[in-house]
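Shown next, in structure tokens, is the structure this report addresses.
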Amino acid sequence: MKYAATDEMIVLRLTHGEDIHNSISFVCKERDVDSAVVVSAAGMVTNVTFGWFNGKEYEKATYNDVMELLALNGNVSYKHEGIYPHLHAVFSRPDHTCLGGHILQALVHHNVEICIIPLKTIYLNREFDEWFEALAPETRL
């Protein structure tokens with residue numbers, strides 16, 4: 001992994017075999033970022049695990065195909081166990097059919113580039129709302 005960071009932007013370049021969630025968490029911890037917006041990404045991935053929340057738990061589906069990452073967005077917030085990247089993505093297969101949704105894991109196949117905007121004036125916390133741990137944004141003083 002290579003990355004560059006300022007107060008305005010973090011840009012990551014991930015390489016083969018790296019986990020997207022773990023890499024985002026690592027950089028955010030290293031840069032002391034507890035709240036951010038994931039604004040874009042491009043590259044190739046494999047071993048993508050999607051999660052569909054049924055009201056009680058995530059129903060998981062894993063695809064081991066090599067796919068192109070067409071879009072990635074979400075946020076980085078803080079949950080009771082630490083930094084939590086909440087990510088949704090769209091992926092394209094070689095036949096140009098697409099898969100998309102909430103991703104629980106995705107591994108880099110050769111190269112992925114990610115852009116993240118750290119939030120300095122807003123804190124993204126998570127609170128249980130009788131269904132799941134929902135986003136609970138707060139203004140920082």
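In the structure tokens, chains take the letters A, B, ... in the order shown, each chain's residues start at 1, and ligands count up from 1 in the order shown.
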Applying 8 Å and only C-alpha atoms, which residues near segment 71-80 of chain A remain after dropping the ones on its own chain fewer than 6 positions away? List them as a count of residues only.
21
Residues of chain A in strand (DSSP E or B), written as a count of residues only:
94
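Among the candidate residues A:Met1, A:Ile20, A:Met9, A:Leu70, the one lying nearest to Thr97 of chain A is A:Leu70, with distances computed using only C-alpha atoms.
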From a backbone DSSP assignment, name each residue in segment 13-86 of chain A labelled alpha helix (DSSP H), as a list in words.
Ile20, His21, Asn22, Ser23, Ile24, Ser25, Phe26, Val27, Cys28, Lys29 and Glu30 of chain A
Which is closer to Leu119 of chain A than all the others in A:Gly82, A:Glu18, A:Gly55, A:Val33, using only C-alpha atoms?
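The closest residue to Leu119 of chain A is A:Val33.
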One number please: atom CA of His109 of chain A to atom CA of Glu8 of chain A, in Å, one decimal.
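Computing the Euclidean distance for atom CA of His109 of chain A and atom CA of Glu8 of chain A yields 27.7 Å.
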Taking only C-alpha atoms into account, which of A:Met44, A:Val11, A:Ala4, A:Ile24 comes nearest Asn111 of chain A?
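Of the candidates, the smallest distance to Asn111 of chain A is held by A:Met44.
Using only C-alpha atoms, the protein and nucleic acid residues lying no more than 12 Å from Asp7 of chain A, apart from those fewer than 6 places from it along its own chain, are Cys28, Arg31, Asp32, Val33, Ala36, Ile116, Ile117, Pro118, Leu119, Lys120 and Thr121 of chain A.
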Correct to one decimal, the distance atom CA of His110 of chain A-atom CA of Gly17 of chain A is 7.6 Å
Please list as a PyMOL selection string every residue within 12 Å of Leu99 of chain A, counting only C-alpha atoms and excluding residues in the same chain fewer than 5 positions away.
chain A and resi 48-50+61-63+65-71+88-94
Coordinates-based distance that separates atom CA of His102 of chain A from atom CA of Trp52 of chain A (Å, one decimal)
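Those two atoms sit 6.9 Å apart.
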Ranking A:Gly51, A:Tyr3, A:His16, A:Thr139 by minimum distance to Val112 of chain A and counting only C-alpha atoms, which one comes first?
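Result for the nearest residue to Val112 of chain A: A:His16.
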Would you kindly return, as a PyMOL selection string, each protein, DNA or RNA residue with an atom no farther than 8 Å from any atom of Ser25 of chain A, considering only C-alpha atoms and excluding same-chain residues fewer than 6 positions away?
chain A and resi 83-85
